[in-house]
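Engineer: Before I ask anything, let me first share the structure, which is written out below as structure tokens.
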Amino acid sequence: MEPGRSMEQDKDIVEKVRQALGRRSLVLVGLMGCGKSSIGRRLATRLGLPFIDADEEIERVAQKSISEIFADHGEAFFRDREAKVIARLLGGGPQVLATGGGAFITPETRQKIREAGISIWLRAELPVLMRRVGKRDTRPLLKGSDPEQVMRTLMATRYPIYAEADLTVESRDVPHDGIVTEIVASLARHPALAQPTSI
């Protein structure tokens, strides 16, 4: 809840966002480590919506980890499966959907998200990302000898595309509930939620 805002006002804003969403999904995009899953779960709880992690769904369908899919079949195969899974999940809104770092880069997936969702880029600076991804060794794109350089390259190529998202919120080292409050307040003001949905 925002400082200075009453519980009743907060409820009204949450209800406004939920009503305006219709059947659309809130789709979190951004680089690995930006907080899509952890912030996404809290956002879903705040809005009373289901939370879906696209990577977890891909692993469930494939019965393999993301790392195993990359190792066994390569990135192109993974991106194809990812696009299919996300297209299917988008039909299940309203929900909060966390996507893998490369999902929004695929033009077809980006278009499907535009049609069936509101995209939110959780933008983060390099030091924040490196601190977070260093805690896990399950990132296939960071398996090489210089993860920081890989991350710099990903930022250079992907940030201009993430910038096409409907909403950008800075992910930083503050309590995630505070970032959720920022997202909800920004959604309540955003013209994308003022437009009627045909879904």
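We label chains A, B, ... in the order they appear in the structure tokens, count residues from 1 in each chain, and number ligands from 1 in the order shown.
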Residues at most 12 Å from A:Val174, counting only C-alpha atoms, excluding those fewer than 4 positions away in the same chain, as a PDB file with N, CA and C atoms, in the first residue's frame?
Structural biologist:
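Produced file result30.pdb, reproduced below:
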ATOM      1  N   GLY A  35      13.395 -10.198 -11.174  1.00  0.00           N
ATOM      2  CA  GLY A  35      12.372 -10.382 -10.143  1.00  0.00           C
ATOM      3  C   GLY A  35      10.998 -10.750 -10.664  1.00  0.00           C
ATOM      4  N   ILE A  39       8.336 -10.949  -7.697  1.00  0.00           N
ATOM      5  CA  ILE A  39       7.431  -9.792  -7.732  1.00  0.00           C
ATOM      6  C   ILE A  39       6.077 -10.219  -8.305  1.00  0.00           C
ATOM      7  N   ALA A 124      16.155  -3.545 -14.603  1.00  0.00           N
ATOM      8  CA  ALA A 124      17.113  -3.553 -13.496  1.00  0.00           C
ATOM      9  C   ALA A 124      18.509  -3.235 -14.016  1.00  0.00           C
ATOM     10  N   VAL A 128      22.495  -5.092  -9.832  1.00  0.00           N
ATOM     11  CA  VAL A 128      21.349  -5.764  -9.201  1.00  0.00           C
ATOM     12  C   VAL A 128      21.160  -7.147  -9.819  1.00  0.00           C
ATOM     13  N   GLU A 170      11.074   0.142 -12.395  1.00  0.00           N
ATOM     14  CA  GLU A 170      12.459  -0.138 -12.013  1.00  0.00           C
ATOM     15  C   GLU A 170      12.497  -1.192 -10.903  1.00  0.00           C
ATOM     16  N   GLY A 178       6.857  -3.000  -2.137  1.00  0.00           N
ATOM     17  CA  GLY A 178       6.886  -1.604  -2.576  1.00  0.00           C
ATOM     18  C   GLY A 178       6.830  -1.504  -4.092  1.00  0.00           C
ATOM     19  N   ILE A 179       7.528  -2.410  -4.778  1.00  0.00           N
ATOM     20  CA  ILE A 179       7.505  -2.413  -6.244  1.00  0.00           C
ATOM     21  C   ILE A 179       6.124  -2.824  -6.746  1.00  0.00           C
ATOM     22  N   VAL A 180       5.501  -3.778  -6.053  1.00  0.00           N
ATOM     23  CA  VAL A 180       4.135  -4.186  -6.406  1.00  0.00           C
ATOM     24  C   VAL A 180       3.186  -2.989  -6.301  1.00  0.00           C
ATOM     25  N   THR A 181       3.319  -2.211  -5.241  1.00  0.00           N
ATOM     26  CA  THR A 181       2.476  -1.020  -5.063  1.00  0.00           C
ATOM     27  C   THR A 181       2.677  -0.047  -6.217  1.00  0.00           C
ATOM     28  N   GLU A 182       3.928   0.141  -6.642  1.00  0.00           N
ATOM     29  CA  GLU A 182       4.221   1.017  -7.789  1.00  0.00           C
ATOM     30  C   GLU A 182       3.548   0.498  -9.053  1.00  0.00           C
TER      31      GLU A 182
END
Engineer: What's around A:Leu43 at 10 Å? Count only C-alpha atoms, leave out sequence neighbours fewer than 4 positions away in its own chain, and write the answer as number ranges by chain.
Structural biologist: A: 26, 36-39, 47-51, 95-96, 176-177, 179-181, 183-184
Engineer: Restricting the calculation to only C-alpha atoms: of A:Cys34, A:Gly22, A:Ser119, A:Ser65, which residue gets closest to A:Met151?
Structural biologist: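 With only C-alpha atoms as the atom set, the closest residue is A:Cys34.
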Engineer: Quick one: DSSP alpha helix (DSSP H) residues in stretch 2-32 of chain A, as a list in words?
Structural biologist: Met7, Glu8, Gln9, Asp10, Lys11, Asp12, Ile13, Val14, Glu15, Lys16, Val17, Arg18, Gln19, Ala20 and Leu21 of chain A
Engineer: Let me make sure I understand: among A:Glu57, A:Glu75, A:Thr99, A:Gln19, which one has the smallest atom-to-atom distance to A:Gly40 if we use only C-alpha atoms?
Structural biologist: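 Among A:Glu57, A:Glu75, A:Thr99, A:Gln19, it is A:Thr99 that comes nearest to A:Gly40.
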Engineer: Give me the residues near A:Leu129 as an mmCIF file with all heavy atoms, in the first residue's frame, where near means some atom within 12 Å (using only C-alpha atoms) and where sequence neighbours in that chain fewer than 5 positions away do not count.
Structural biologist:
data_model
loop_
_atom_site.group_PDB
_atom_site.id
_atom_site.type_symbol
_atom_site.label_atom_id
_atom_site.label_comp_id
_atom_site.auth_asym_id
_atom_site.auth_seq_id
_atom_site.Cartn_x
_atom_site.Cartn_y
_atom_site.Cartn_z
ATOM 1 N N GLY A 30 11.485 -9.153 -18.897
ATOM 2 C CA GLY A 30 12.744 -8.585 -18.425
ATOM 3 C C GLY A 30 13.809 -9.663 -18.314
ATOM 4 O O GLY A 30 13.533 -10.855 -18.453
ATOM 5 N N LEU A 31 15.025 -9.224 -18.059
ATOM 6 C CA LEU A 31 16.149 -10.150 -17.977
ATOM 7 C C LEU A 31 16.066 -11.044 -16.754
ATOM 8 O O LEU A 31 15.429 -10.705 -15.747
ATOM 9 C CB LEU A 31 17.474 -9.375 -17.921
ATOM 10 C CG LEU A 31 18.125 -8.995 -19.248
ATOM 11 C CD1 LEU A 31 19.481 -8.355 -18.984
ATOM 12 C CD2 LEU A 31 18.285 -10.186 -20.188
ATOM 13 N N MET A 32 16.744 -12.188 -16.831
ATOM 14 C CA MET A 32 16.858 -13.073 -15.668
ATOM 15 C C MET A 32 17.406 -12.282 -14.487
ATOM 16 O O MET A 32 18.293 -11.437 -14.633
ATOM 17 C CB MET A 32 17.793 -14.244 -16.009
ATOM 18 C CG MET A 32 19.204 -13.832 -16.369
ATOM 19 S SD MET A 32 20.192 -15.197 -17.006
ATOM 20 C CE MET A 32 20.132 -14.889 -18.762
ATOM 21 N N GLY A 33 16.806 -12.504 -13.325
ATOM 22 C CA GLY A 33 17.257 -11.803 -12.126
ATOM 23 C C GLY A 33 16.527 -10.507 -11.839
ATOM 24 O O GLY A 33 16.760 -9.876 -10.811
ATOM 25 N N CYS A 34 15.608 -10.100 -12.743
ATOM 26 C CA CYS A 34 14.924 -8.817 -12.515
ATOM 27 C C CYS A 34 13.765 -8.949 -11.522
ATOM 28 O O CYS A 34 13.205 -7.951 -11.089
ATOM 29 C CB CYS A 34 14.446 -8.201 -13.829
ATOM 30 S SG CYS A 34 13.062 -9.078 -14.579
ATOM 31 N N GLY A 35 13.395 -10.198 -11.174
ATOM 32 C CA GLY A 35 12.372 -10.382 -10.143
ATOM 33 C C GLY A 35 10.998 -10.750 -10.664
ATOM 34 O O GLY A 35 10.002 -10.589 -9.957
ATOM 35 N N LYS A 36 10.919 -11.252 -11.900
ATOM 36 C CA LYS A 36 9.601 -11.542 -12.486
ATOM 37 C C LYS A 36 8.791 -12.534 -11.641
ATOM 38 O O LYS A 36 7.600 -12.350 -11.448
ATOM 39 C CB LYS A 36 9.766 -12.075 -13.918
ATOM 40 C CG LYS A 36 10.396 -11.079 -14.890
ATOM 41 C CD LYS A 36 10.451 -11.611 -16.304
ATOM 42 C CE LYS A 36 11.334 -12.813 -16.476
ATOM 43 N NZ LYS A 36 12.762 -12.527 -16.464
ATOM 44 N N LEU A 122 10.176 -5.224 -15.986
ATOM 45 C CA LEU A 122 10.895 -4.991 -14.735
ATOM 46 C C LEU A 122 12.351 -4.713 -15.102
ATOM 47 O O LEU A 122 13.141 -5.628 -15.328
ATOM 48 C CB LEU A 122 10.780 -6.210 -13.810
ATOM 49 C CG LEU A 122 9.376 -6.517 -13.291
ATOM 50 C CD1 LEU A 122 9.400 -7.756 -12.405
ATOM 51 C CD2 LEU A 122 8.794 -5.336 -12.524
ATOM 52 N N ARG A 123 12.667 -3.441 -15.188
ATOM 53 C CA ARG A 123 13.997 -3.027 -15.629
ATOM 54 C C ARG A 123 14.943 -3.006 -14.430
ATOM 55 O O ARG A 123 14.577 -2.514 -13.360
ATOM 56 C CB ARG A 123 13.919 -1.629 -16.250
ATOM 57 C CG ARG A 123 15.192 -1.173 -16.911
ATOM 58 C CD ARG A 123 15.093 0.282 -17.337
ATOM 59 N NE ARG A 123 16.316 0.712 -17.989
ATOM 60 C CZ ARG A 123 17.448 0.984 -17.350
ATOM 61 N NH1 ARG A 123 17.500 0.906 -16.016
ATOM 62 N NH2 ARG A 123 18.531 1.349 -18.015
ATOM 63 N N ALA A 124 16.155 -3.545 -14.603
ATOM 64 C CA ALA A 124 17.113 -3.553 -13.496
ATOM 65 C C ALA A 124 18.509 -3.235 -14.016
ATOM 66 O O ALA A 124 18.843 -3.550 -15.164
ATOM 67 C CB ALA A 124 17.117 -4.913 -12.798
ATOM 68 N N GLY A 134 23.684 -14.579 -9.411
ATOM 69 C CA GLY A 134 24.800 -15.297 -8.793
ATOM 70 C C GLY A 134 24.359 -16.305 -7.750
ATOM 71 O O GLY A 134 25.114 -17.218 -7.374
ATOM 72 N N LYS A 135 23.115 -16.167 -7.287
ATOM 73 C CA LYS A 135 22.602 -17.076 -6.247
ATOM 74 C C LYS A 135 22.144 -18.404 -6.820
ATOM 75 O O LYS A 135 21.869 -19.335 -6.091
ATOM 76 C CB LYS A 135 21.431 -16.403 -5.507
ATOM 77 C CG LYS A 135 21.828 -15.159 -4.741
ATOM 78 C CD LYS A 135 20.591 -14.447 -4.197
ATOM 79 C CE LYS A 135 20.992 -13.113 -3.560
ATOM 80 N NZ LYS A 135 19.810 -12.307 -3.217
ATOM 81 N N ARG A 136 22.007 -18.482 -8.156
ATOM 82 C CA ARG A 136 21.534 -19.723 -8.781
ATOM 83 C C ARG A 136 22.422 -20.077 -9.966
ATOM 84 O O ARG A 136 22.886 -19.201 -10.679
ATOM 85 C CB ARG A 136 20.090 -19.536 -9.294
ATOM 86 C CG ARG A 136 19.077 -19.328 -8.194
ATOM 87 C CD ARG A 136 17.725 -18.943 -8.749
ATOM 88 N NE ARG A 136 17.166 -19.957 -9.631
ATOM 89 C CZ ARG A 136 16.062 -19.800 -10.370
ATOM 90 N NH1 ARG A 136 15.422 -18.651 -10.341
ATOM 91 N NH2 ARG A 136 15.606 -20.760 -11.136
ATOM 92 N N PRO A 147 30.016 -14.562 -17.117
ATOM 93 C CA PRO A 147 28.580 -14.254 -17.035
ATOM 94 C C PRO A 147 28.266 -12.766 -17.115
ATOM 95 O O PRO A 147 27.261 -12.372 -17.696
ATOM 96 C CB PRO A 147 28.178 -14.817 -15.666
ATOM 97 C CG PRO A 147 29.205 -15.844 -15.349
ATOM 98 C CD PRO A 147 30.479 -15.355 -15.985
ATOM 99 N N GLU A 148 29.138 -11.927 -16.543
ATOM 100 C CA GLU A 148 28.851 -10.484 -16.559
ATOM 101 C C GLU A 148 28.861 -9.942 -17.977
ATOM 102 O O GLU A 148 28.024 -9.116 -18.349
ATOM 103 C CB GLU A 148 29.854 -9.721 -15.685
ATOM 104 C CG GLU A 148 29.492 -8.251 -15.588
ATOM 105 C CD GLU A 148 30.278 -7.498 -14.514
ATOM 106 O OE1 GLU A 148 30.523 -8.085 -13.430
ATOM 107 O OE2 GLU A 148 30.627 -6.337 -14.776
ATOM 108 N N VAL A 150 28.229 -11.678 -20.685
ATOM 109 C CA VAL A 150 27.014 -12.202 -21.324
ATOM 110 C C VAL A 150 25.827 -11.315 -20.960
ATOM 111 O O VAL A 150 25.009 -10.936 -21.808
ATOM 112 C CB VAL A 150 26.747 -13.664 -20.883
ATOM 113 C CG1 VAL A 150 25.372 -14.134 -21.362
ATOM 114 C CG2 VAL A 150 27.831 -14.585 -21.419
ATOM 115 N N MET A 151 25.745 -10.952 -19.683
ATOM 116 C CA MET A 151 24.625 -10.120 -19.224
ATOM 117 C C MET A 151 24.672 -8.736 -19.883
ATOM 118 O O MET A 151 23.626 -8.207 -20.282
ATOM 119 C CB MET A 151 24.658 -10.002 -17.700
ATOM 120 C CG MET A 151 23.385 -9.463 -17.111
ATOM 121 S SD MET A 151 21.972 -10.574 -17.285
ATOM 122 C CE MET A 151 22.082 -11.483 -15.757
ATOM 123 N N ARG A 152 25.865 -8.166 -20.005
ATOM 124 C CA ARG A 152 25.991 -6.857 -20.677
ATOM 125 C C ARG A 152 25.482 -6.938 -22.124
ATOM 126 O O ARG A 152 24.793 -6.037 -22.613
ATOM 127 C CB ARG A 152 27.450 -6.389 -20.680
ATOM 128 C CG ARG A 152 27.951 -5.897 -19.344
ATOM 129 C CD ARG A 152 29.408 -5.422 -19.467
ATOM 130 N NE ARG A 152 29.983 -5.147 -18.172
ATOM 131 C CZ ARG A 152 29.792 -4.016 -17.485
ATOM 132 N NH1 ARG A 152 29.030 -3.064 -17.996
ATOM 133 N NH2 ARG A 152 30.364 -3.845 -16.307
ATOM 134 N N LEU A 154 23.360 -9.159 -23.361
ATOM 135 C CA LEU A 154 21.905 -9.332 -23.344
ATOM 136 C C LEU A 154 21.197 -8.004 -23.094
ATOM 137 O O LEU A 154 20.167 -7.708 -23.714
ATOM 138 C CB LEU A 154 21.507 -10.349 -22.270
ATOM 139 C CG LEU A 154 21.847 -11.817 -22.549
ATOM 140 C CD1 LEU A 154 21.589 -12.670 -21.315
ATOM 141 C CD2 LEU A 154 21.057 -12.352 -23.744
ATOM 142 N N MET A 155 21.737 -7.205 -22.183
ATOM 143 C CA MET A 155 21.138 -5.891 -21.905
ATOM 144 C C MET A 155 21.162 -5.018 -23.154
ATOM 145 O O MET A 155 20.170 -4.358 -23.481
ATOM 146 C CB MET A 155 21.883 -5.200 -20.756
ATOM 147 C CG MET A 155 21.642 -5.851 -19.401
ATOM 148 S SD MET A 155 22.681 -5.160 -18.081
ATOM 149 C CE MET A 155 21.786 -3.646 -17.713
ATOM 150 N N GLU A 170 11.074 0.142 -12.395
ATOM 151 C CA GLU A 170 12.459 -0.138 -12.013
ATOM 152 C C GLU A 170 12.497 -1.192 -10.903
ATOM 153 O O GLU A 170 11.940 -0.998 -9.826
ATOM 154 C CB GLU A 170 13.130 1.155 -11.528
ATOM 155 C CG GLU A 170 14.641 1.098 -11.541
ATOM 156 C CD GLU A 170 15.246 1.073 -12.934
ATOM 157 O OE1 GLU A 170 14.603 1.544 -13.905
ATOM 158 O OE2 GLU A 170 16.386 0.588 -13.061
ATOM 159 N N SER A 171 13.155 -2.307 -11.188
ATOM 160 C CA SER A 171 13.349 -3.351 -10.183
ATOM 161 C C SER A 171 14.681 -3.074 -9.490
ATOM 162 O O SER A 171 15.713 -2.980 -10.138
ATOM 163 C CB SER A 171 13.375 -4.728 -10.850
ATOM 164 O OG SER A 171 13.554 -5.741 -9.894
ATOM 165 N N ARG A 172 14.631 -2.922 -8.191
ATOM 166 C CA ARG A 172 15.834 -2.533 -7.464
ATOM 167 C C ARG A 172 15.788 -3.165 -6.083
ATOM 168 O O ARG A 172 14.828 -3.866 -5.747
ATOM 169 C CB ARG A 172 15.922 -1.005 -7.367
ATOM 170 C CG ARG A 172 14.686 -0.370 -6.736
ATOM 171 C CD ARG A 172 14.431 1.037 -7.256
ATOM 172 N NE ARG A 172 13.371 1.707 -6.507
ATOM 173 C CZ ARG A 172 12.076 1.554 -6.766
ATOM 174 N NH1 ARG A 172 11.677 0.748 -7.721
ATOM 175 N NH2 ARG A 172 11.174 2.198 -6.059
ATOM 176 N N ASP A 173 16.840 -2.934 -5.301
ATOM 177 C CA ASP A 173 16.933 -3.580 -3.998
ATOM 178 C C ASP A 173 16.115 -2.846 -2.942
ATOM 179 O O ASP A 173 16.655 -2.166 -2.071
ATOM 180 C CB ASP A 173 18.407 -3.708 -3.581
ATOM 181 C CG ASP A 173 19.128 -4.752 -4.412
ATOM 182 O OD1 ASP A 173 18.458 -5.685 -4.904
ATOM 183 O OD2 ASP A 173 20.352 -4.643 -4.579
#
Engineer: So that I can check the surroundings of stretch 76-83 of chain A, please list as an MDAnalysis selection string every protein, DNA and RNA residue that reaches within 8 Å of it, counting only C-alpha atoms and ignoring chain neighbours fewer than 6 positions away.
Structural biologist: chainID A and resid 54:55 58 69:70 102:103 106 108:109
Engineer: Within chain A, find each residue whose DSSP state, derived from the backbone, is strand (DSSP E), and express the selection as an MDAnalysis selection string.
Structural biologist: chainID A and resid 25:29 51:53 96:98 117:123 167:170
